[in-house]
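Source file: run-v6.cif (mmCIF, C-alpha atoms and all ligand atoms)
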data_start
#
loop_
_atom_site.label_atom_id
_atom_site.label_comp_id
_atom_site.auth_asym_id
_atom_site.auth_seq_id
_atom_site.Cartn_x
_atom_site.Cartn_y
_atom_site.Cartn_z
CA MET A 291 229.34 -38.96 -94.12
CA GLN A 292 232.04 -38.70 -91.48
CA SER A 293 234.60 -36.04 -90.79
CA PHE A 294 238.05 -37.10 -91.92
CA PHE A 295 239.49 -35.26 -88.94
CA ASP A 296 237.72 -37.60 -86.53
CA PHE A 297 240.05 -40.47 -87.33
CA THR A 298 243.30 -41.48 -85.74
CA LYS A 299 245.52 -43.34 -88.19
CA GLU A 300 244.47 -46.67 -86.72
CA LYS A 301 240.77 -45.86 -86.82
CA LEU A 302 241.09 -44.57 -90.36
CA GLN A 303 242.73 -47.81 -91.46
CA SER A 304 239.81 -49.86 -90.11
CA SER A 305 237.25 -47.50 -91.54
CA LEU A 306 238.88 -47.56 -94.97
CA VAL A 307 238.96 -51.34 -95.03
CA GLU A 308 235.32 -51.46 -93.92
CA ASN A 309 234.41 -49.18 -96.78
CA GLY A 310 236.27 -51.27 -99.34
CA PHE A 311 239.51 -49.30 -99.63
CA LYS A 312 243.06 -50.48 -99.13
CA ARG A 313 244.50 -50.02 -95.66
CA TYR A 314 247.64 -48.22 -96.86
CA LEU A 315 245.51 -45.40 -98.21
CA ALA A 316 245.46 -44.08 -94.64
CA ASP A 317 249.14 -43.12 -94.86
CA GLN A 318 248.62 -41.36 -98.17
CA LEU A 319 245.61 -39.47 -96.87
CA PHE A 320 247.40 -38.40 -93.69
CA ASP A 321 250.23 -37.13 -95.84
CA TRP A 322 247.97 -35.09 -98.13
CA VAL A 323 245.87 -33.61 -95.37
CA TYR A 324 248.29 -33.15 -92.48
CA VAL A 325 251.64 -32.77 -94.23
CA LYS A 326 250.69 -31.14 -97.54
CA ASN A 327 247.64 -29.38 -96.12
CA ILE A 328 245.43 -30.31 -99.05
CA LEU A 329 241.78 -30.30 -98.12
CA SER A 330 240.25 -31.56 -101.34
CA PHE A 331 240.29 -35.18 -102.49
CA ASP A 332 240.44 -34.03 -106.11
CA GLU A 333 243.92 -32.66 -105.59
CA MET A 334 245.32 -35.91 -104.20
CA THR A 335 246.99 -36.91 -107.42
CA ASN A 336 248.67 -40.14 -106.35
CA ILE A 337 245.28 -41.63 -105.45
CA SER A 338 243.27 -43.20 -108.27
CA LYS A 339 240.38 -41.19 -109.68
CA GLY A 340 237.97 -43.95 -108.69
CA ASP A 341 239.13 -43.94 -105.09
CA ARG A 342 239.00 -40.15 -104.93
CA GLU A 343 235.38 -40.11 -106.06
CA LYS A 344 234.50 -42.85 -103.60
CA LEU A 345 236.31 -41.13 -100.73
CA LYS A 346 234.05 -38.13 -101.22
CA GLU A 347 231.04 -40.31 -100.52
CA PHE A 348 232.36 -41.40 -97.13
CA TYR A 349 234.48 -38.60 -95.72
CA THR A 350 234.31 -34.84 -95.56
CA LEU A 351 237.23 -32.48 -95.22
CA SER A 352 235.25 -29.43 -94.23
CA GLU A 353 234.51 -28.95 -90.60
CA LEU A 354 234.71 -25.35 -89.43
CA GLU A 355 233.66 -22.07 -90.89
CA ILE A 356 235.42 -18.86 -89.83
CA VAL A 357 232.91 -16.34 -88.47
CA VAL A 358 235.32 -13.80 -87.03
CA GLN A 359 239.09 -13.51 -87.10
CA GLN A 360 240.50 -10.84 -84.82
CA GLU A 361 244.14 -9.85 -84.79
CA SER A 362 245.85 -8.29 -81.82
CA LYS A 363 248.78 -5.88 -81.83
CA ASP A 364 251.02 -8.53 -80.26
CA GLY A 365 250.26 -11.00 -83.07
CA THR A 366 247.66 -13.00 -81.16
CA VAL A 367 244.74 -14.02 -83.34
CA LYS A 368 241.35 -15.06 -82.05
CA PHE A 369 239.15 -17.14 -84.30
CA LEU A 370 235.44 -17.63 -83.87
CA PHE A 371 234.37 -20.77 -85.70
CA LYS A 372 230.94 -22.06 -86.58
CA LEU A 373 230.34 -25.79 -86.17
CA LYS A 374 228.12 -27.84 -88.48
CA ASP A 375 225.17 -27.52 -86.10
CA GLY A 376 225.54 -23.74 -85.92
CA LEU A 377 227.15 -23.56 -82.47
CA LYS A 378 230.22 -21.37 -82.15
CA ILE A 379 233.61 -21.92 -80.56
CA GLU A 380 236.77 -19.90 -80.10
CA THR A 381 240.39 -20.74 -80.78
CA VAL A 382 243.41 -18.55 -80.07
CA LEU A 383 246.78 -18.40 -81.78
CA MET A 384 249.63 -17.06 -79.67
CA ARG A 385 253.01 -16.04 -81.07
CA GLN A 386 255.50 -17.25 -78.49
CA ASN A 387 259.22 -16.74 -78.79
CA TYR A 388 259.59 -20.53 -79.13
CA GLY A 389 256.91 -20.95 -81.82
CA ASN A 390 253.23 -20.71 -82.67
CA SER A 391 250.97 -22.01 -79.96
CA VAL A 392 247.27 -22.70 -80.40
CA CYS A 393 244.80 -22.79 -77.53
CA VAL A 394 242.00 -25.19 -78.45
CA THR A 395 238.47 -25.51 -77.14
CA THR A 396 237.18 -28.96 -76.20
CA GLN A 397 233.52 -28.41 -75.31
CA VAL A 398 230.74 -26.01 -76.16
CA GLY A 399 230.37 -24.42 -72.72
CA CYS A 400 231.65 -26.04 -69.53
CA ASN A 401 230.06 -27.74 -66.54
CA MET A 402 232.84 -27.21 -64.00
CA ALA A 403 231.41 -23.86 -62.81
CA CYS A 404 234.63 -22.39 -61.40
CA THR A 405 233.43 -19.19 -59.75
CA PHE A 406 236.12 -16.97 -61.27
CA CYS A 407 235.77 -18.23 -64.85
CA ALA A 408 233.60 -16.65 -67.53
CA SER A 409 233.49 -19.84 -69.61
CA GLY A 410 231.49 -21.77 -67.07
CA LEU A 411 228.60 -19.34 -67.29
CA LEU A 412 227.58 -21.10 -70.46
CA LYS A 413 226.71 -24.61 -69.35
CA LYS A 414 228.02 -27.39 -71.50
CA THR A 415 225.88 -27.91 -74.58
CA ARG A 416 227.95 -30.78 -75.89
CA ASN A 417 231.41 -32.22 -76.26
CA LEU A 418 233.41 -31.39 -79.35
CA SER A 419 234.21 -34.32 -81.59
CA THR A 420 237.84 -35.25 -82.23
CA GLY A 421 237.47 -33.75 -85.69
CA GLU A 422 236.23 -30.45 -84.37
CA ILE A 423 239.29 -30.13 -82.16
CA VAL A 424 241.71 -31.23 -84.89
CA ALA A 425 240.12 -28.85 -87.38
CA GLN A 426 240.80 -25.88 -85.07
CA VAL A 427 244.51 -26.57 -85.44
CA MET A 428 244.26 -27.12 -89.18
CA MET A 429 242.36 -23.87 -89.69
CA VAL A 430 244.94 -21.89 -87.74
CA ASN A 431 247.62 -23.68 -89.69
CA ARG A 432 246.07 -22.50 -92.96
CA TYR A 433 246.24 -18.95 -91.64
CA LEU A 434 249.92 -19.36 -90.73
CA GLN A 435 250.77 -21.00 -94.03
CA LYS A 436 250.38 -17.66 -95.77
CA ALA A 437 253.37 -16.47 -93.78
CA GLN A 438 255.10 -19.81 -94.32
CA GLU A 439 254.78 -20.68 -90.68
CA ARG A 440 253.13 -23.55 -88.86
CA VAL A 441 251.51 -24.44 -85.58
CA SER A 442 254.22 -25.87 -83.35
CA HIS A 443 252.62 -26.07 -79.91
CA ILE A 444 249.17 -26.90 -78.58
CA VAL A 445 247.63 -25.96 -75.26
CA VAL A 446 244.34 -27.62 -74.45
CA MET A 447 243.21 -24.67 -72.35
CA GLY A 448 240.31 -23.17 -74.25
CA ILE A 449 236.71 -23.46 -73.19
CA GLY A 450 235.72 -26.77 -71.64
CA GLU A 451 237.18 -29.40 -69.36
CA PRO A 452 239.29 -31.70 -71.55
CA PHE A 453 239.04 -34.65 -69.15
CA ASP A 454 235.25 -34.38 -69.27
CA ASN A 455 235.65 -35.21 -72.98
CA PHE A 456 238.44 -37.71 -72.46
CA GLU A 457 238.29 -40.07 -75.45
CA ASN A 458 237.91 -37.34 -78.05
CA VAL A 459 240.72 -35.29 -76.56
CA ILE A 460 243.06 -38.29 -76.46
CA ASP A 461 242.22 -39.12 -80.08
CA PHE A 462 242.87 -35.48 -80.96
CA VAL A 463 246.35 -35.82 -79.45
CA LYS A 464 246.95 -39.02 -81.42
CA VAL A 465 245.94 -37.39 -84.70
CA ILE A 466 248.00 -34.27 -84.26
CA ASN A 467 250.98 -36.24 -82.93
CA ASP A 468 250.99 -38.88 -85.70
CA PRO A 469 254.59 -39.32 -86.90
CA LYS A 470 253.48 -39.37 -90.54
CA GLY A 471 250.86 -36.69 -90.07
CA TYR A 472 251.00 -33.17 -88.72
CA GLN A 473 253.54 -34.33 -86.20
CA ILE A 474 253.38 -32.02 -83.23
CA GLY A 475 255.62 -33.63 -80.64
CA ALA A 476 253.89 -34.87 -77.51
CA ARG A 477 256.18 -32.65 -75.47
CA HIS A 478 254.79 -29.66 -77.36
CA ILE A 479 251.25 -30.47 -76.25
CA THR A 480 249.86 -29.47 -72.85
CA ILE A 481 246.51 -30.54 -71.46
CA SER A 482 245.08 -28.55 -68.58
CA THR A 483 242.52 -30.00 -66.17
CA CYS A 484 240.65 -28.68 -63.17
CA GLY A 485 241.35 -31.99 -61.45
CA LEU A 486 239.13 -34.92 -62.46
CA VAL A 487 240.95 -37.45 -60.33
CA PRO A 488 239.98 -40.74 -62.05
CA LYS A 489 240.87 -39.26 -65.43
CA ILE A 490 244.27 -38.08 -64.21
CA LYS A 491 245.05 -41.69 -63.32
CA GLN A 492 243.70 -42.94 -66.63
CA PHE A 493 245.82 -40.35 -68.41
CA ALA A 494 248.91 -41.43 -66.46
CA ASP A 495 248.33 -45.02 -67.54
CA LEU A 496 248.40 -43.99 -71.21
CA ASN A 497 251.95 -42.70 -70.75
CA LEU A 498 251.72 -40.35 -73.70
CA GLN A 499 254.61 -37.95 -72.96
CA VAL A 500 252.11 -35.11 -73.23
CA ASN A 501 252.45 -32.35 -70.61
CA LEU A 502 249.83 -32.17 -67.91
CA ALA A 503 248.84 -28.96 -66.15
CA ILE A 504 246.61 -28.84 -63.10
CA SER A 505 244.48 -25.80 -62.35
CA LEU A 506 245.24 -25.68 -58.65
CA HIS A 507 244.49 -22.05 -57.75
CA ALA A 508 244.43 -22.63 -53.99
CA PRO A 509 246.73 -23.98 -51.26
CA ASN A 510 243.95 -25.53 -49.16
CA ASN A 511 240.47 -27.01 -49.42
CA ALA A 512 238.71 -24.03 -47.86
CA ILE A 513 239.83 -21.66 -50.59
CA ARG A 514 239.63 -24.24 -53.36
CA ASN A 515 236.04 -25.14 -52.45
CA GLN A 516 235.15 -21.51 -52.79
CA LEU A 517 236.72 -21.22 -56.24
CA MET A 518 236.18 -24.63 -57.80
CA PRO A 519 233.13 -26.82 -57.10
CA ILE A 520 235.05 -29.83 -58.45
CA ASN A 521 237.09 -29.71 -55.24
CA LYS A 522 234.08 -30.97 -53.30
CA ALA A 523 234.07 -34.16 -55.35
CA TYR A 524 237.86 -34.46 -55.45
CA PRO A 525 239.47 -32.56 -52.56
CA LEU A 526 243.18 -31.74 -52.46
CA GLU A 527 244.17 -34.96 -50.69
CA LYS A 528 242.66 -37.03 -53.51
CA LEU A 529 244.03 -34.69 -56.17
CA MET A 530 247.56 -34.85 -54.76
CA GLU A 531 247.36 -38.61 -54.57
CA ALA A 532 246.39 -38.80 -58.25
CA ILE A 533 249.19 -36.39 -59.18
CA ASN A 534 251.74 -38.45 -57.28
CA TYR A 535 250.48 -41.49 -59.15
CA TYR A 536 250.98 -39.59 -62.43
CA LEU A 537 254.48 -38.49 -61.43
CA GLU A 538 255.55 -42.00 -60.48
CA LYS A 539 254.02 -43.60 -63.52
CA THR A 540 255.34 -41.14 -66.13
CA ASN A 541 258.48 -39.68 -64.62
CA ARG A 542 257.40 -36.38 -66.08
CA ARG A 543 257.21 -32.95 -64.52
CA ILE A 544 253.81 -31.53 -63.76
CA THR A 545 252.68 -27.91 -64.01
CA PHE A 546 250.48 -26.26 -61.42
CA GLU A 547 248.51 -23.30 -62.63
CA TYR A 548 247.71 -20.74 -59.97
CA ILE A 549 245.69 -17.66 -60.82
CA LEU A 550 246.35 -14.81 -58.43
CA ILE A 551 243.14 -13.16 -57.25
CA ASN A 552 243.22 -10.16 -54.98
CA ASN A 553 242.68 -11.05 -51.30
CA VAL A 554 241.42 -14.51 -52.14
CA ASN A 555 244.47 -16.71 -52.63
CA ASP A 556 247.41 -14.30 -52.88
CA SER A 557 248.70 -13.69 -49.36
CA ARG A 558 252.20 -14.53 -48.14
CA GLU A 559 250.66 -17.25 -45.96
CA ASN A 560 248.95 -18.72 -49.01
CA ALA A 561 252.30 -18.88 -50.81
CA VAL A 562 253.96 -20.58 -47.85
CA GLU A 563 251.09 -23.06 -47.60
CA LEU A 564 251.29 -23.76 -51.33
CA ALA A 565 255.02 -24.38 -51.06
CA LYS A 566 254.38 -26.87 -48.28
CA LEU A 567 251.68 -28.63 -50.28
CA ILE A 568 253.90 -29.31 -53.29
CA ARG A 569 257.39 -29.37 -51.80
CA GLY A 570 259.54 -32.15 -53.19
CA MET A 571 257.30 -32.83 -56.16
CA ASN A 572 258.70 -32.75 -59.68
CA ALA A 573 256.62 -29.70 -60.47
CA TYR A 574 256.64 -26.05 -61.25
CA VAL A 575 254.09 -23.36 -60.68
CA ASN A 576 252.73 -21.14 -63.39
CA LEU A 577 251.47 -17.98 -61.73
CA ILE A 578 248.70 -16.40 -63.78
CA PRO A 579 247.65 -12.80 -63.17
CA TYR A 580 243.87 -13.04 -62.91
CA ASN A 581 241.93 -11.42 -65.74
CA ALA A 582 239.01 -9.59 -64.25
CA VAL A 583 235.74 -10.35 -66.04
CA ALA A 584 232.46 -8.48 -65.82
CA GLU A 585 230.58 -11.52 -64.55
CA ASN A 586 232.07 -11.54 -61.03
CA ASP A 587 233.76 -9.30 -58.49
CA TYR A 588 237.18 -10.93 -58.36
CA GLN A 589 240.13 -8.65 -59.07
CA ARG A 590 243.70 -9.20 -60.17
CA SER A 591 246.14 -9.58 -57.31
CA THR A 592 248.32 -6.62 -56.43
CA ARG A 593 250.86 -8.90 -54.76
CA ILE A 594 252.09 -11.00 -57.66
CA GLU A 595 255.76 -10.12 -57.08
CA GLU A 596 255.57 -10.93 -53.37
CA PHE A 597 253.84 -14.25 -54.00
CA PHE A 598 256.43 -15.17 -56.61
CA THR A 599 259.34 -14.29 -54.34
CA THR A 600 257.87 -16.15 -51.39
CA LEU A 601 257.53 -19.30 -53.49
CA GLN A 602 261.08 -18.92 -54.75
CA ASN A 603 262.39 -18.41 -51.23
CA ASN A 604 260.65 -21.64 -50.36
CA ARG A 605 262.52 -23.42 -53.16
CA ILE A 606 259.55 -23.84 -55.49
CA ASN A 607 260.16 -23.49 -59.25
CA CYS A 608 257.80 -20.88 -60.59
CA ILE A 609 257.22 -18.35 -63.33
CA VAL A 610 254.68 -15.60 -63.95
CA ARG A 611 252.84 -16.32 -67.17
CA ARG A 612 253.10 -13.84 -70.01
CA GLU A 613 249.81 -12.53 -71.28
CA PHE A 614 248.60 -12.31 -74.85
CA GLY A 615 245.87 -10.59 -76.77
CA HIS A 616 244.63 -8.23 -74.08
CA ASP A 617 243.23 -5.81 -76.64
CA ILE A 618 241.08 -8.48 -78.30
CA ASP A 619 239.73 -10.19 -75.20
CA ALA A 620 241.72 -13.28 -75.96
CA ALA A 621 243.57 -13.31 -72.66
CA CYS A 622 243.44 -16.49 -70.67
CA GLY A 623 240.02 -17.25 -69.28
CA GLN A 624 238.36 -14.65 -71.39
CA LEU A 625 237.33 -16.77 -74.28
CA ARG A 626 233.70 -16.19 -74.23
CA ALA A 627 230.70 -16.51 -76.44
CA LYS A 628 229.90 -12.86 -76.83
CA ASN A 629 228.44 -13.63 -80.19
CA GLU A 630 225.79 -15.76 -78.53
CA GLY A 631 224.75 -12.66 -76.63
CA VAL A 632 224.63 -14.53 -73.35
CA LEU A 633 227.46 -12.80 -71.54
CA LYS A 634 228.05 -9.21 -70.69
CA LYS A 635 230.73 -7.25 -72.49
N1 LIG A 701 239.10 -26.80 -67.77
C1 LIG A 701 240.52 -26.77 -67.88
C2 LIG A 701 241.05 -25.97 -69.05
C3 LIG A 701 240.38 -24.69 -69.45
S1 LIG A 701 240.67 -23.25 -68.47
C4 LIG A 701 241.14 -26.30 -66.59
O1 LIG A 701 240.40 -25.96 -65.68
O2 LIG A 701 242.34 -26.33 -66.45
C5 LIG A 701 242.34 -22.79 -68.72
C6 LIG A 701 242.93 -22.04 -67.54
O3 LIG A 701 242.43 -20.69 -67.47
C7 LIG A 701 242.59 -22.68 -66.21
O4 LIG A 701 243.73 -22.73 -65.39
C8 LIG A 701 241.57 -21.71 -65.65
O5 LIG A 701 241.45 -21.83 -64.27
C9 LIG A 701 242.12 -20.39 -66.13
N2 LIG A 701 241.20 -19.25 -66.07
C10 LIG A 701 239.85 -19.25 -66.17
N3 LIG A 701 239.36 -18.00 -66.06
C11 LIG A 701 240.43 -17.18 -65.89
C12 LIG A 701 240.57 -15.76 -65.73
N4 LIG A 701 239.53 -14.96 -65.74
N5 LIG A 701 241.83 -15.28 -65.59
C13 LIG A 701 242.90 -16.10 -65.63
N6 LIG A 701 242.83 -17.42 -65.78
C14 LIG A 701 241.61 -17.97 -65.90
#
Please express what this file holds, its structure, as structure tokens.
Amino acid sequence: MQSFFDFTKEKLQSSLVENGFKRYLADQLFDWVYVKNILSFDEMTNISKGDREKLKEFYTLSELEIVVQQESKDGTVKFLFKLKDGLKIETVLMRQNYGNSVCVTTQVGCNMACTFCASGLLKKTRNLSTGEIVAQVMMVNRYLQKAQERVSHIVVMGIGEPFDNFENVIDFVKVINDPKGYQIGARHITISTCGLVPKIKQFADLNLQVNLAISLHAPNNAIRNQLMPINKAYPLEKLMEAINYYLEKTNRRITFEYILINNVNDSRENAVELAKLIRGMNAYVNLIPYNAVAENDYQRSTRIEEFFTTLQNNRINCIVRREFGHDIDAACGQLRAKNEGVLKK
């Protein structure tokens, strides 16, 4: 039995043929599941009864079970889902002024070990399958359907390093972007990476029109080494080279994420150095006020305004990111497996 959500249209076509179905059934199934949001084969009335019964033997349409659903005053909703093997993951829905954005998780735990991040405290147990990522969106969509709304944007910024689960994440994008399926435009999807250089190049070669965000967080190697162990494998010179490759190949703009941590990376000099590092690139900087977590001593910067102004004065496009779901611990970087009892409150 395989999860229906694991299949891109192309892969579903091959699988259907292998299992003795007609190839065109893939289009019908994508329509029922991703357009009509029907998650039971029995309700797919334009498919023959025989095929419906047989489909049930090969594919399942249940993937995630809701364990907790927490709603914030600002409309943010945090879902805790249980996977088939009992592991739990979190997904967050954010109500933006431009639509409904879902932040999906790509791995159970994370191996990148960024020193400021609570997620990395739980080492990676496994990658999520394509279906487990797709199902997060579909579950949130079911929730929104009650209000006759839909998921319009995806940020791949939940727990895990998406490029450490490359194939499944790319297939996830293909499923959710399918023109006869759920159809979230590539430009409404953003993948965030800590900087796995070979994967950035591989991603550029795919030319998907999906937005790429880089968790930069430092203007030089000394600071970045301290914050992100990945920088030792792929220092800034290598990272910038890969980003320039991406920019040339795709002609797209790149986003740099920069969390502002008190007295670590938030001085005026840091801002000037950052401006120098990225000057002339087709890029903008997303400044993220750091969310203090109990697991380390880092604090939110008190110089966000100054940093922002210094970048602007140095002709760098930048914004300070809005925060969501503070009251339910859903703020960026705070997705954590409290339910597993591993992390402190
Ligand atoms: N592994 C990917 C995506 C997941 S993290 C990446 O590194 O980009 C999503 C973003 O949240 C990253 O920019 C990460 O650095 C940031 N983040 C992690 N912990 C945070 C915290 N406590 N406060 C603010 N941002 C945080």
Query raised in the report: So which residues touch Arg558 in chain A within 12 Å, counting only C-alpha atoms, skipping near sequence neighbours fewer than 4 positions away, as a list in words?
Result: Pro509, Leu550, Asn553, Val554, Val562, Glu563, Leu564, Ala565, Arg593, Ile594, Glu595, Glu596, Phe597, Phe598, Thr599, Thr600, Leu601, Gln602, Asn603 and Asn604 of chain A
**Report entry** 8 Å shell around ligand LIG 701 (chain A) using only C-alpha atoms and all ligand atoms, listed as number ranges by chain
**Finding:** A: 395, 400, 402, 404, 406-409, 446-453, 481-485, 503-507, 547-549, 578-583, 621-624
Write the residues of the selection above to a file with C-alpha atoms, as a short mmCIF file (atom, residue, chain, number, x, y, z; two decimals), keeping the file's coordinate frame.
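again17.cif was written with the following content:
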data_model
loop_
_atom_site.label_atom_id
_atom_site.label_comp_id
_atom_site.auth_asym_id
_atom_site.auth_seq_id
_atom_site.Cartn_x
_atom_site.Cartn_y
_atom_site.Cartn_z
CA THR A 395 238.47 -25.51 -77.14
CA CYS A 400 231.65 -26.04 -69.53
CA MET A 402 232.84 -27.21 -64.00
CA CYS A 404 234.63 -22.39 -61.40
CA PHE A 406 236.12 -16.97 -61.27
CA CYS A 407 235.77 -18.23 -64.85
CA ALA A 408 233.60 -16.65 -67.53
CA SER A 409 233.49 -19.84 -69.61
CA VAL A 446 244.34 -27.62 -74.45
CA MET A 447 243.21 -24.67 -72.35
CA GLY A 448 240.31 -23.17 -74.25
CA ILE A 449 236.71 -23.46 -73.19
CA GLY A 450 235.72 -26.77 -71.64
CA GLU A 451 237.18 -29.40 -69.36
CA PRO A 452 239.29 -31.70 -71.55
CA PHE A 453 239.04 -34.65 -69.15
CA ILE A 481 246.51 -30.54 -71.46
CA SER A 482 245.08 -28.55 -68.58
CA THR A 483 242.52 -30.00 -66.17
CA CYS A 484 240.65 -28.68 -63.17
CA GLY A 485 241.35 -31.99 -61.45
CA ALA A 503 248.84 -28.96 -66.15
CA ILE A 504 246.61 -28.84 -63.10
CA SER A 505 244.48 -25.80 -62.35
CA LEU A 506 245.24 -25.68 -58.65
CA HIS A 507 244.49 -22.05 -57.75
CA GLU A 547 248.51 -23.30 -62.63
CA TYR A 548 247.71 -20.74 -59.97
CA ILE A 549 245.69 -17.66 -60.82
CA ILE A 578 248.70 -16.40 -63.78
CA PRO A 579 247.65 -12.80 -63.17
CA TYR A 580 243.87 -13.04 -62.91
CA ASN A 581 241.93 -11.42 -65.74
CA ALA A 582 239.01 -9.59 -64.25
CA VAL A 583 235.74 -10.35 -66.04
CA ALA A 621 243.57 -13.31 -72.66
CA CYS A 622 243.44 -16.49 -70.67
CA GLY A 623 240.02 -17.25 -69.28
CA GLN A 624 238.36 -14.65 -71.39
#
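If only C-alpha atoms are the atoms counted, then among A:Leu345, A:Leu306, A:Val445, A:Ala316 the closest residue to Val459 in chain A is A:Val445.
CA of Val441 in chain A lies 5.0 Å from CA of Asn390 in chain A.
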Requested in this report: Skip range 426-428 of chain A itself and residues of its chain fewer than 4 positions away, then list as a PyMOL selection string all residues within 10 Å of it, counting all atoms listed in the file.
Outcome: chain A and resi 295+323-324+327+329+353-355+369-371+379-383+391-395+421-422+432-434+440-444+466+472
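Candidate residues A:Leu498, A:Ile520, A:Ile618, A:Ile551 were compared for distance to Thr592 in chain A, and the nearest is A:Ile551, using only C-alpha atoms.
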Report summary line: note - CA of Cys608 in chain A and CA of Met530 in chain A are separated by 18.3 Å
Requested in this report: Rank nothing, just name the residue among A:Met384, A:Pro525, A:Lys378, A:Gly389 nearest to Leu418 in chain A, using all atoms listed in the file.
Outcome: A:Lys378
Range 343-348 of chain A: axis-aligned bounding box, 8 Å on each side, centre and edge lengths in Å, one decimal, as JSON:
{"center_x": 233.7, "center_y": -40.5, "center_z": -101.6, "size_x": 21.3, "size_y": 20.7, "size_z": 24.9}
Query - Among listed residues A:Val307, A:Val610, A:Leu526, A:Met518, nearest Asn401 in chain A (using only C-alpha atoms) - result: A:Met518
Query raised in the report: Which one of A:Lys522, A:Lys489, A:Lys539, A:Lys470 sits closest to Trp322 in chain A if you count only C-alpha atoms?
Result: A:Lys470
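What separates CA of Thr298 in chain A from CA of Asp461 in chain A is a distance of 6.2 Å.
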Requested in this report: Anything within 10 Å of (260.0, -33.8, -57.0): list those residues as a ChimeraX atom specification, counting only C-alpha atoms and sticking to the file's coordinates.
Outcome: /A:534,537-538,541-544,568-574
